[in-house]
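**Q** Just one file: input06.txt, with compact mmCIF, C-alpha atoms.
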```
# COMPACT_ATOMS: atom_id res chain seq x y z
CA MET A 1 5.31 -22.19 7.17
CA ASN A 2 3.96 -20.79 3.86
CA LYS A 3 0.49 -20.47 5.35
CA LYS A 4 1.89 -18.78 8.45
CA ILE A 5 3.73 -16.19 6.35
CA GLY A 6 0.47 -15.29 4.62
CA VAL A 7 -1.44 -15.12 7.91
CA TYR A 8 1.18 -13.15 9.85
CA SER A 9 1.85 -10.72 7.00
CA SER A 10 -1.90 -9.96 6.82
CA ILE A 11 -1.94 -9.20 10.55
CA ALA A 12 1.20 -7.04 10.24
CA ASN A 13 -0.34 -5.21 7.31
CA LEU A 14 -3.54 -4.49 9.25
CA ILE A 15 -1.57 -3.16 12.24
CA ALA A 16 0.60 -0.98 9.97
CA VAL A 17 -2.47 0.46 8.19
CA ILE A 18 -4.14 1.25 11.54
CA CYS A 19 -0.94 2.90 12.83
CA PHE A 20 -0.76 4.91 9.62
CA ALA A 21 -4.39 6.04 9.99
CA LEU A 22 -3.88 7.08 13.62
CA SER A 23 -0.64 8.91 12.80
CA MET A 24 -2.44 10.85 10.07
CA LEU A 25 -5.34 11.74 12.40
CA PHE A 26 -2.99 13.09 15.06
CA GLY A 27 -0.67 14.85 12.59
CA PHE A 28 2.32 12.67 13.51
CA ASP A 29 4.06 12.74 10.12
CA TYR A 30 7.07 10.65 11.06
CA GLY A 31 4.79 7.99 12.54
CA SER A 32 2.91 7.82 9.26
CA TYR A 33 6.19 7.54 7.32
CA PHE A 34 7.46 4.74 9.58
CA SER A 35 4.21 2.76 9.47
CA SER A 36 4.07 3.18 5.66
CA MET A 37 7.36 1.31 5.42
CA PHE A 38 5.81 -1.61 7.28
CA ILE A 39 2.71 -1.50 5.09
CA ALA A 40 5.14 -2.04 2.19
CA PHE A 41 7.12 -4.85 3.89
CA SER A 42 3.99 -6.79 4.83
CA PHE A 43 2.35 -6.10 1.47
CA VAL A 44 5.11 -7.89 -0.45
CA LEU A 45 4.70 -10.96 1.75
CA MET A 46 0.93 -10.91 1.22
CA MET A 47 1.34 -10.75 -2.56
CA CYS A 48 3.80 -13.64 -2.44
CA GLY A 49 1.18 -15.57 -0.49
CA TYR A 50 -1.43 -14.96 -3.19
CA ALA A 51 1.00 -16.17 -5.85
CA TYR A 52 1.98 -19.25 -3.86
CA PHE A 53 -1.59 -20.36 -3.14
CA ALA A 54 -2.93 -19.46 -6.59
CA GLU A 55 -4.31 -22.25 -8.72
CA LYS A 56 -2.33 -23.27 -11.79
CA GLU A 57 -4.36 -21.17 -14.24
CA THR A 58 -3.85 -17.97 -12.20
CA LYS A 59 -0.19 -18.42 -11.23
CA LEU A 60 0.99 -15.85 -13.79
CA ALA A 61 -1.32 -13.20 -12.28
CA GLY A 62 0.21 -14.00 -8.91
CA TYR A 63 3.74 -13.55 -10.25
CA VAL A 64 2.74 -10.22 -11.81
CA SER A 65 1.36 -9.07 -8.45
CA ILE A 66 4.71 -9.94 -6.83
CA ALA A 67 6.61 -7.95 -9.47
CA PHE A 68 4.42 -4.86 -9.01
CA SER A 69 4.55 -5.16 -5.22
CA ALA A 70 8.36 -5.23 -5.33
CA ILE A 71 8.40 -2.06 -7.48
CA TYR A 72 5.93 -0.38 -5.10
CA THR A 73 7.98 -1.32 -2.06
CA ALA A 74 11.24 -0.08 -3.56
CA ILE A 75 9.70 3.33 -4.34
CA ILE A 76 7.95 3.65 -0.97
CA LEU A 77 11.01 2.68 1.05
CA LEU A 78 13.14 5.25 -0.79
CA VAL A 79 10.54 7.99 -0.23
CA TYR A 80 9.91 7.39 3.47
CA PHE A 81 13.45 6.44 4.44
CA ALA A 82 14.51 9.79 2.96
CA GLN A 83 11.90 11.56 5.13
CA LEU A 84 13.05 9.78 8.29
CA THR A 85 16.74 10.39 7.62
CA THR A 86 17.84 13.10 5.16
CA VAL A 87 14.83 15.39 5.56
CA ARG A 88 14.49 14.96 9.33
CA LEU A 89 18.16 15.13 10.27
CA ASN A 90 19.48 17.84 7.94
CA GLU A 91 18.83 21.50 7.30
CA LEU A 92 17.86 21.48 3.64
CA THR A 93 18.17 24.39 1.27
CA GLN A 94 14.87 25.72 -0.05
CA GLN A 95 15.35 23.98 -3.40
CA ALA A 96 16.33 20.69 -1.77
CA ALA A 97 13.29 20.89 0.51
CA ILE A 98 10.99 21.44 -2.48
CA LEU A 99 12.34 18.24 -4.03
CA LEU A 100 12.83 16.03 -0.98
CA ASP A 101 10.43 17.13 1.76
CA PHE A 102 7.23 15.12 1.42
CA GLN A 103 5.21 18.01 2.85
CA GLN A 104 6.27 20.23 -0.06
CA CYS A 105 4.44 17.97 -2.56
CA GLY A 106 7.50 17.86 -4.81
CA LEU A 107 9.53 15.08 -6.39
CA LEU A 108 9.32 12.50 -3.60
CA PHE A 109 5.62 13.17 -3.06
CA ASN A 110 5.06 12.44 -6.73
CA TYR A 111 7.16 9.28 -6.50
CA ASP A 112 5.00 8.25 -3.55
CA LEU A 113 1.85 8.52 -5.68
CA LEU A 114 3.59 6.52 -8.40
CA GLY A 115 4.34 3.86 -5.81
CA TYR A 116 0.70 3.63 -4.78
CA ALA A 117 -0.33 3.48 -8.43
CA VAL A 118 1.88 0.41 -8.84
CA MET A 119 0.52 -1.03 -5.58
CA SER A 120 -2.96 -0.79 -7.08
CA LEU A 121 -1.85 -2.87 -10.05
CA ALA A 122 -0.44 -5.46 -7.67
CA THR A 123 -3.77 -5.80 -5.85
CA PHE A 124 -5.66 -6.07 -9.13
CA PHE A 125 -3.55 -9.03 -10.25
CA ALA A 126 -3.66 -10.58 -6.76
CA GLY A 127 -7.46 -10.40 -7.00
CA LEU A 128 -7.32 -12.50 -10.15
CA THR A 129 -5.73 -15.33 -8.14
CA VAL A 130 -8.55 -15.54 -5.59
CA THR A 131 -11.12 -18.26 -6.21
CA SER A 132 -14.50 -17.20 -4.82
CA ARG A 133 -15.35 -20.33 -2.84
CA THR A 134 -16.71 -18.43 0.16
CA LYS A 135 -18.46 -15.08 0.67
CA ALA A 136 -15.32 -13.76 2.36
CA ASP A 137 -13.15 -14.72 -0.63
CA GLN A 138 -15.70 -13.22 -2.99
CA TRP A 139 -15.50 -9.89 -1.14
CA LEU A 140 -11.73 -10.13 -1.02
CA LYS A 141 -11.53 -10.69 -4.76
CA TYR A 142 -13.76 -7.68 -5.50
CA LEU A 143 -11.98 -5.37 -3.05
CA LEU A 144 -8.55 -6.29 -4.44
CA MET A 145 -9.60 -5.80 -8.04
CA ILE A 146 -11.55 -2.58 -7.42
CA HIS A 147 -8.51 -1.25 -5.56
CA GLY A 148 -6.76 -1.54 -8.92
CA ALA A 149 -8.81 1.46 -10.07
CA PHE A 150 -6.67 3.67 -7.79
CA PHE A 151 -3.93 3.17 -10.38
CA ILE A 152 -5.47 5.77 -12.68
CA SER A 153 -5.91 8.54 -10.08
CA CYS A 154 -2.50 7.95 -8.47
CA LEU A 155 -0.76 8.00 -11.85
CA ILE A 156 -2.59 11.00 -13.31
CA ALA A 157 -2.87 13.29 -10.24
CA PRO A 158 0.85 14.25 -10.13
CA MET A 159 0.88 14.90 -13.87
CA LEU A 160 -2.03 17.30 -13.48
CA GLY A 161 -0.42 19.06 -10.52
CA LEU A 162 -3.48 18.48 -8.33
CA PHE A 163 -1.51 18.51 -5.07
CA LYS A 164 0.30 21.66 -3.95
CA ALA A 165 2.19 22.48 -0.76
CA ASN A 166 -0.41 25.15 0.08
CA SER A 167 -3.40 22.81 -0.40
CA PRO A 168 -5.64 22.37 2.69
CA THR A 169 -4.14 19.65 4.89
CA TRP A 170 -7.52 18.12 5.73
CA VAL A 171 -8.09 17.14 2.09
CA GLY A 172 -5.02 14.90 1.99
CA VAL A 173 -5.81 13.46 5.42
CA ALA A 174 -9.41 12.68 4.38
CA VAL A 175 -8.23 10.90 1.20
CA LEU A 176 -5.72 8.80 3.13
CA GLU A 177 -8.19 7.95 5.90
CA PHE A 178 -10.63 6.77 3.21
CA TRP A 179 -7.86 4.58 1.78
CA CYS A 180 -7.20 3.11 5.24
CA LEU A 181 -10.89 2.35 5.70
CA TYR A 182 -10.86 0.64 2.31
CA PHE A 183 -7.66 -1.34 2.87
CA CYS A 184 -8.29 -2.63 6.42
CA PRO A 185 -10.96 -5.09 5.19
CA ILE A 186 -8.48 -6.34 2.56
CA SER A 187 -5.98 -7.14 5.34
CA ILE A 188 -8.65 -8.85 7.45
CA LEU A 189 -10.04 -10.85 4.54
CA SER A 190 -6.50 -11.78 3.48
CA PHE A 191 -5.96 -13.17 6.98
CA LEU A 192 -9.10 -15.29 6.63
CA HIS A 193 -8.11 -16.33 3.09
CA PHE A 194 -4.65 -17.54 4.10
CA SER A 195 -6.02 -19.18 7.25
CA ASN A 196 -8.24 -21.36 5.05
CA CYS A 197 -5.56 -22.23 2.48
CA LYS A 198 -4.26 -25.77 2.36
CA GLU A 199 -0.49 -26.23 2.55
```
Here is the file; what I need is its structure written in the form of structure tokens.
**A**
Amino acid sequence: MNKKIGVYSSIANLIAVICFALSMLFGFDYGSYFSSMFIAFSFVLMMCGYAYFAEKETKLAGYVSIAFSAIYTAIILLVYFAQLTTVRLNELTQQAAILLDFQQCGLLFNYDLLGYAVMSLATFFAGLTVTSRTKADQWLKYLLMIHGAFFISCLIAPMLGLFKANSPTWVGVAVLEFWCLYFCPISILSFLHFSNCKE
């Protein structure tokens, strides 16, 4: 069962990332919000899988990845659930929209970037648990740990006010599509990693 959770969560994560990428390409904001929630759900399960299958000397790194993934998921679910409910179903005042509407690049947008900063830390520590026995695991380890570098940009960008509501839309879409292209191999390699784990 433990192995299956790792395998199935990797597949779910890949599907959610692809759905997110397609939603962004076609400008379907609510589709991207909904699929982002499932990226978060499946991500927590993946991180738990890394911790469970980690060798004794890397167990702590696995537990740290779980902790960061839980923080990431809590932030992301609050942000996108608000978009799918409060923002979508209510007529917000201008000030409320500035704070709550993701498209306004306000408070919840900044929280979203904070969430992805924490997600990056989770992947970095998950990468520490991977033993490079195969080429696939070696690539997985590097991709997870390099993904940790996103922590800096995601943390600093909101503080510098780099994203504004009047910024060109294509810039944000291009950045997110690049992230999807980067993260899909992590999902695929995670699937292979968990498939080869011994119960």
**Q** Counting only C-alpha atoms, which residues of segment 35-63 of chain A fall within 8 Å of segment 11-15 of chain A, and what is the closest atom pair for each with its distance in Å at one decimal, ordered by chain and rising number, as a Markdown table?
**A**
```
| residue | atom | partner | partner_atom | distance |
| --- | --- | --- | --- | --- |
| A:Phe38 | CA | A:Asn13 | CA | 7.1 |
| A:Ile39 | CA | A:Asn13 | CA | 5.3 |
| A:Ser42 | CA | A:Asn13 | CA | 5.2 |
| A:Phe43 | CA | A:Asn13 | CA | 6.5 |
```
**Q** So how far away is atom CA of Asp101 of chain A from atom CA of Val87 of chain A, in Å?
**A**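 About the pair atom CA of Val87 of chain A and atom CA of Asp101 of chain A: they are 6.1 Å apart.
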**Q** Could you check how far atom CA of Val173 of chain A sits from atom CA of Met119 of chain A, in Å to one decimal?
**A**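 Interatomic distance, atom CA of Val173 of chain A to atom CA of Met119 of chain A: 19.3 Å.
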**Q** Pick out the closest residue to Ser65 of chain A from this set: A:Ser9, A:Ala97, A:Leu92, A:Phe124. Count only C-alpha atoms.
**A**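 Ranked by minimum distance to Ser65 of chain A, first place goes to A:Phe124.
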**Q** Each side padded by 4 Å, which centre and which edge lengths in Å (one decimal) define the axis-aligned box around the listed atoms of segment 7-19 of chain A? Give them as lines of an AutoDock Vina configuration file.
**A**
```
center_x = -1.1
center_y = -6.1
center_z = 9.8
size_x = 14.0
size_y = 26.0
size_z = 14.0
```
**Q** Separation of atom CA of Leu78 of chain A and atom CA of Ala117 of chain A, in Å?
**A**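 Those two atoms sit 15.6 Å apart.
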